[in-house]
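J.: So here's work.txt, just compact mmCIF, C-alpha atoms:
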# COMPACT_ATOMS: atom_id res chain seq x y z
CA MET L 1 54.59 14.81 -28.74
CA GLU L 2 54.09 12.36 -25.89
CA LYS L 3 56.48 9.51 -25.18
CA ASN L 4 53.98 6.89 -26.29
CA ASP L 5 51.11 7.85 -28.59
CA ASN L 6 49.68 4.33 -28.17
CA ASP L 7 49.35 4.67 -24.39
CA ILE L 8 45.75 3.67 -23.63
CA ARG L 9 45.64 6.35 -20.94
CA ARG L 10 46.22 9.03 -23.58
CA GLN L 11 43.34 7.69 -25.66
CA ILE L 12 41.02 7.63 -22.66
CA PHE L 13 42.07 11.20 -21.82
CA LYS L 14 41.36 12.31 -25.39
CA TYR L 15 37.85 10.84 -25.50
CA ARG L 16 36.87 11.33 -21.83
CA SER L 17 34.11 13.79 -22.76
CA TYR L 18 32.28 11.13 -24.80
CA THR L 19 32.40 8.12 -22.46
CA PRO L 20 29.48 9.34 -20.30
CA ILE L 21 27.09 9.41 -23.27
CA PRO L 22 26.15 5.67 -23.31
CA PHE L 23 25.56 5.69 -19.56
CA LEU L 24 23.42 8.83 -19.73
CA LEU L 25 21.33 7.40 -22.58
CA VAL L 26 20.67 4.20 -20.61
CA MET L 27 19.84 6.18 -17.47
CA ILE L 28 17.34 8.30 -19.39
CA TRP L 29 15.76 5.42 -21.34
CA PHE L 30 15.23 3.21 -18.28
CA ALA L 31 14.46 6.09 -15.90
CA GLN L 32 11.93 5.41 -13.13
CA PRO L 33 12.29 8.61 -11.09
CA THR L 34 10.42 9.42 -7.90
CA VAL L 35 10.08 12.71 -6.04
CA LEU L 36 12.64 11.53 -3.49
CA SER L 37 15.12 10.38 -6.13
CA LEU L 38 14.78 13.67 -8.02
CA VAL L 39 15.46 15.74 -4.91
CA ALA L 40 18.35 13.56 -3.68
CA GLY L 41 19.90 13.26 -7.14
CA CYS L 42 19.64 17.00 -7.79
CA ALA L 43 21.45 17.67 -4.51
CA VAL L 44 24.32 15.39 -5.57
CA VAL L 45 24.44 16.95 -9.06
CA PHE L 46 24.47 20.47 -7.58
CA THR L 47 27.30 19.59 -5.19
CA GLY L 48 29.34 17.97 -7.96
CA GLU L 49 28.92 20.96 -10.26
CA LEU L 50 29.77 23.36 -7.44
CA ILE L 51 33.07 21.53 -6.97
CA ARG L 52 33.70 21.56 -10.71
CA PHE L 53 32.91 25.25 -11.05
CA TRP L 54 35.22 26.13 -8.16
CA GLY L 55 37.99 24.12 -9.80
CA VAL L 56 37.63 25.50 -13.33
CA SER L 57 37.38 29.04 -11.94
CA ILE L 58 41.03 28.54 -10.97
CA ALA L 59 42.35 26.08 -13.56
CA GLY L 60 40.53 27.71 -16.48
CA ALA L 61 40.28 26.54 -20.08
CA GLU L 62 43.23 24.15 -19.78
CA THR L 63 40.82 21.66 -18.24
CA ARG L 64 39.12 21.38 -21.64
CA THR L 65 42.13 20.17 -23.59
CA THR L 66 41.78 16.89 -25.46
CA GLY L 67 45.30 16.79 -26.87
CA THR L 68 48.31 15.95 -24.80
CA VAL L 69 48.19 15.59 -21.03
CA GLY L 70 49.73 18.60 -19.32
CA GLY L 71 49.28 21.96 -17.67
CA THR L 72 51.01 25.30 -17.36
CA PHE L 73 50.68 25.56 -13.59
CA LEU L 74 50.70 23.30 -10.54
CA ILE L 75 47.52 24.44 -8.81
CA THR L 76 47.30 23.62 -5.10
CA ASN L 77 44.79 26.18 -3.83
CA GLY L 78 41.00 26.27 -3.82
CA PRO L 79 39.46 22.79 -4.12
CA PHE L 80 42.89 21.47 -5.15
CA SER L 81 44.03 22.10 -1.57
CA TYR L 82 41.55 19.43 -0.42
CA VAL L 83 41.83 16.84 -3.18
CA ARG L 84 44.21 16.59 -6.13
CA ASN L 85 41.52 15.98 -8.75
CA PRO L 86 38.43 17.98 -7.78
CA LEU L 87 37.10 18.14 -11.34
CA TYR L 88 37.08 14.35 -11.65
CA VAL L 89 35.49 14.03 -8.21
CA GLY L 90 32.87 16.55 -9.32
CA ASN L 91 32.28 14.59 -12.53
CA MET L 92 31.73 11.34 -10.66
CA MET L 93 29.23 13.12 -8.42
CA LEU L 94 27.42 14.49 -11.49
CA TYR L 95 27.04 11.01 -13.01
CA ALA L 96 26.05 9.50 -9.66
CA GLY L 97 23.49 12.26 -9.16
CA VAL L 98 21.87 11.57 -12.53
CA GLY L 99 21.83 7.86 -11.69
CA ILE L 100 20.07 8.57 -8.40
CA MET L 101 17.60 10.92 -10.07
CA SER L 102 16.68 8.46 -12.79
CA MET L 103 16.65 5.28 -10.66
CA ALA L 104 17.39 3.46 -13.92
CA LEU L 105 18.15 -0.24 -13.31
CA PHE L 106 18.93 0.84 -9.76
CA PRO L 107 21.35 0.18 -8.11
CA TRP L 108 23.27 -1.90 -10.69
CA MET L 109 23.52 0.75 -13.40
CA LEU L 110 24.74 3.29 -10.87
CA LEU L 111 27.38 0.89 -9.53
CA VAL L 112 28.61 0.02 -13.03
CA ALA L 113 28.84 3.71 -13.98
CA ILE L 114 30.72 4.69 -10.83
CA SER L 115 33.12 1.76 -11.25
CA TRP L 116 33.82 2.66 -14.89
CA PHE L 117 34.42 6.34 -14.21
CA TYR L 118 36.64 5.59 -11.24
CA LEU L 119 38.75 3.32 -13.47
CA GLN L 120 38.77 5.89 -16.29
CA TYR L 121 39.89 8.73 -14.05
CA TYR L 122 42.41 6.55 -12.22
CA LEU L 123 44.12 5.76 -15.54
CA ILE L 124 44.03 9.40 -16.66
CA VAL L 125 45.37 10.62 -13.33
CA THR L 126 48.34 8.24 -13.37
CA ARG L 127 49.32 9.70 -16.75
CA GLU L 128 48.82 13.26 -15.56
CA GLU L 129 50.91 12.59 -12.48
CA GLU L 130 53.82 11.42 -14.62
CA TYR L 131 53.73 14.77 -16.40
CA LEU L 132 53.42 16.76 -13.17
CA ALA L 133 56.26 14.88 -11.50
CA ALA L 134 58.53 15.45 -14.50
CA THR L 135 57.56 19.13 -14.82
CA PHE L 136 57.29 20.31 -11.22
CA GLY L 137 59.57 17.82 -9.45
CA GLY L 138 59.84 18.27 -5.67
CA GLU L 139 56.98 20.76 -5.53
CA PHE L 140 54.57 18.16 -6.89
CA ASP L 141 56.06 15.40 -4.72
CA GLU L 142 55.38 17.49 -1.62
CA TYR L 143 51.83 18.20 -2.77
CA ARG L 144 51.22 14.54 -3.60
CA ARG L 145 52.39 13.44 -0.15
CA ASN L 146 49.89 15.73 1.54
CA VAL L 147 46.79 15.65 -0.70
CA ARG L 148 45.06 12.47 -1.90
CA ARG L 149 43.82 11.77 -5.43
CA PHE L 150 40.11 11.34 -4.84
CA VAL L 151 39.46 11.41 -1.08
CA PRO L 152 39.38 14.98 0.25
CA ARG L 153 41.32 16.22 3.25
CA LEU L 154 39.39 17.74 6.12
CA THR L 155 41.64 20.81 6.19
CA PRO L 156 43.19 22.67 3.22
CA TYR L 157 46.79 22.04 2.21
CA ARG L 158 48.95 25.13 2.49
CA SER L 159 51.84 25.38 0.05
CA VAL L 160 54.84 27.50 1.00
CA ARG L 161 54.76 28.93 -2.54
CA PRO L 162 52.34 31.65 -3.66
CA ALA L 163 49.25 30.42 -5.53
CA ALA L 164 49.90 30.13 -9.26
CA LYS L 165 46.32 31.27 -10.03
CA THR L 166 43.36 32.60 -8.11
CA VAL L 167 39.60 32.16 -8.45
CA ASP L 168 38.07 33.93 -11.46
CA PRO L 169 34.31 33.14 -11.72
CA SER L 170 34.10 34.68 -15.20
CA GLU L 171 36.76 32.25 -16.44
CA GLY L 172 34.93 29.42 -14.73
CA LEU L 173 31.62 30.35 -16.35
CA SER L 174 33.25 30.62 -19.77
CA SER L 175 34.80 27.18 -19.38
CA GLU L 176 31.68 25.55 -17.91
CA LYS L 177 29.06 26.70 -20.42
CA ARG L 178 28.87 23.35 -22.23
CA THR L 179 28.77 21.40 -18.97
CA LEU L 180 26.00 23.59 -17.56
CA GLN L 181 24.01 23.22 -20.77
CA ALA L 182 24.44 19.44 -20.70
CA ILE L 183 23.37 19.26 -17.04
CA GLY L 184 20.30 21.39 -17.76
CA LEU L 185 19.32 19.20 -20.72
CA VAL L 186 19.72 15.90 -18.84
CA LEU L 187 17.85 17.13 -15.77
CA THR L 188 15.03 18.46 -17.94
CA ILE L 189 14.70 15.11 -19.71
CA VAL L 190 14.65 13.13 -16.45
CA VAL L 191 12.01 15.43 -14.94
CA ALA L 192 9.98 15.19 -18.16
CA LYS L 193 10.20 11.39 -17.93
CA TYR L 194 8.89 11.57 -14.36
CA ILE L 195 5.94 13.74 -15.45
CA TYR L 196 5.22 11.41 -18.39
CA LEU L 197 5.24 8.30 -16.19
CA ARG L 198 2.97 9.98 -13.65
CA MET L 199 0.51 10.92 -16.40
CA GLN L 200 0.52 7.32 -17.63
CA GLY L 201 -0.61 6.28 -14.17
Using the file provided, produce a representation of the structure as structure tokens.
T.:
Amino acid sequence: MEKNDNDIRRQIFKYRSYTPIPFLLVMIWFAQPTVLSLVAGCAVVFTGELIRFWGVSIAGAETRTTGTVGGTFLITNGPFSYVRNPLYVGNMMLYAGVGIMSMALFPWMLLVAISWFYLQYYLIVTREEEYLAATFGGEFDEYRRNVRRFVPRLTPYRSVRPAAKTVDPSEGLSSEKRTLQAIGLVLTIVVAKYIYLRMQG
């Protein structure tokens, strides 16, 4: 049980998987893709998913929880040694990549989406950090002082403690199946919209 079940941050955390849906629908409906936007957007999507996959290959299925904020381990290796929230950074890149691909209401729709997801993840992260500070104390404080929330370091942070978990691609693939399926579906629809618009002349 969390201290405050009415905390808006807890509600946003619970429903974070559904908030992208309205933005994705608008981006698909108003899509005006070009060859350049498809290539550039795909590159951003690929980079974002690469970061996500690296992260979930360490963090595992705990990243999928929609209940209470928390975690069994304080993970500071892999992408977490560069930025404290690599999965959220990867997510923002995924949404930005789709926005670039689709060119829907560009650039205003893209700016609105990025602003919303930054706010969403900022609120979630502040709640997660309260849990981590209470659970891991000085270890998390040291990590927080050296690694930023969303802006990566240029060099990896090295904790004096052994890594709590290591990279396991099979665990990452198991956790990422739904995300990979969703990415494949959205990209297919945007490319299909491009082909349709080209055929319409």
J.: Between L:Val83, L:Val89, L:Ala182, L:Ile100, which is the closest to Val35 (chain L) once you count only C-alpha atoms?
T.: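 Ranked by minimum distance to Val35 (chain L), first place goes to L:Ile100.
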J.: Figure out the distance between CA of Gln120 (chain L) and CA of Phe73 (chain L), please, to one decimal in Å.
T.: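 The value is 23.2 Å.
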J.: Restricting the calculation to all atoms listed in the file: of L:Arg158, L:Lys193, L:Arg84, L:Arg198, which residue gets closest to Ala31 (chain L)?
T.: L:Lys193
J.: Smallest atom-to-atom distance to Val56 (chain L): which of L:Tyr18, L:Leu185, L:Val98, L:Ser175, using all atoms listed in the file?
T.: L:Ser175
J.: Rank nothing, just name the residue among L:Met103, L:Val167, L:Met92, L:Val186 nearest to Gly78 (chain L), using only C-alpha atoms.
T.: L:Val167
J.: Work out how far apart CA of Gln181 (chain L) and CA of Pro86 (chain L) are and give it in Å to one decimal.
T.: 20.1 Å
J.: As an exercise, work out the distance from CA of Gly97 (chain L) to CA of Tyr82 (chain L) in Å and give it to one decimal place.
T.: 21.3 Å
J.: Pick the closest to Ile58 (chain L) from L:Thr179, L:Ser170, L:Asn91, L:Ser102: which is it, counting all atoms listed in the file?
T.: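 So, comparing all the options, the nearest one is L:Ser170.
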J.: In terms of the shortest atom-to-atom distance over only C-alpha atoms, which of L:Met101, L:Ile75, L:Val151, L:Leu94 is closest to Ala40 (chain L)?
T.: L:Met101
J.: Please provide as an NGL selection string all residues within 10 Å of Asn85 (chain L), with the sequence filter that same-chain residues fewer than 4 positions apart are discarded (counting only C-alpha atoms).
T.: :L and (52 or 55 or 79-81 or 89-90 or 121 or 125 or 147-152)
J.: Extract, using all atoms listed in the file, all DNA, RNA and protein residues at most 10 Å from Thr72 (chain L), discarding same-chain residues fewer than 5 positions from it, and format them as a ChimeraX atom specification.
T.: /L:59,62,132,135,164
J.: Next, the residues of the selection above should be written as an mmCIF file, keeping the file's coordinate frame with C-alpha atoms.
T.:
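So the final result, stored in selection05.cif, reads:
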data_model
loop_
_atom_site.group_PDB
_atom_site.id
_atom_site.type_symbol
_atom_site.label_atom_id
_atom_site.label_comp_id
_atom_site.auth_asym_id
_atom_site.auth_seq_id
_atom_site.Cartn_x
_atom_site.Cartn_y
_atom_site.Cartn_z
ATOM 1 C CA ALA L 59 42.350 26.080 -13.560
ATOM 2 C CA GLU L 62 43.230 24.150 -19.780
ATOM 3 C CA LEU L 132 53.420 16.760 -13.170
ATOM 4 C CA THR L 135 57.560 19.130 -14.820
ATOM 5 C CA ALA L 164 49.900 30.130 -9.260
#
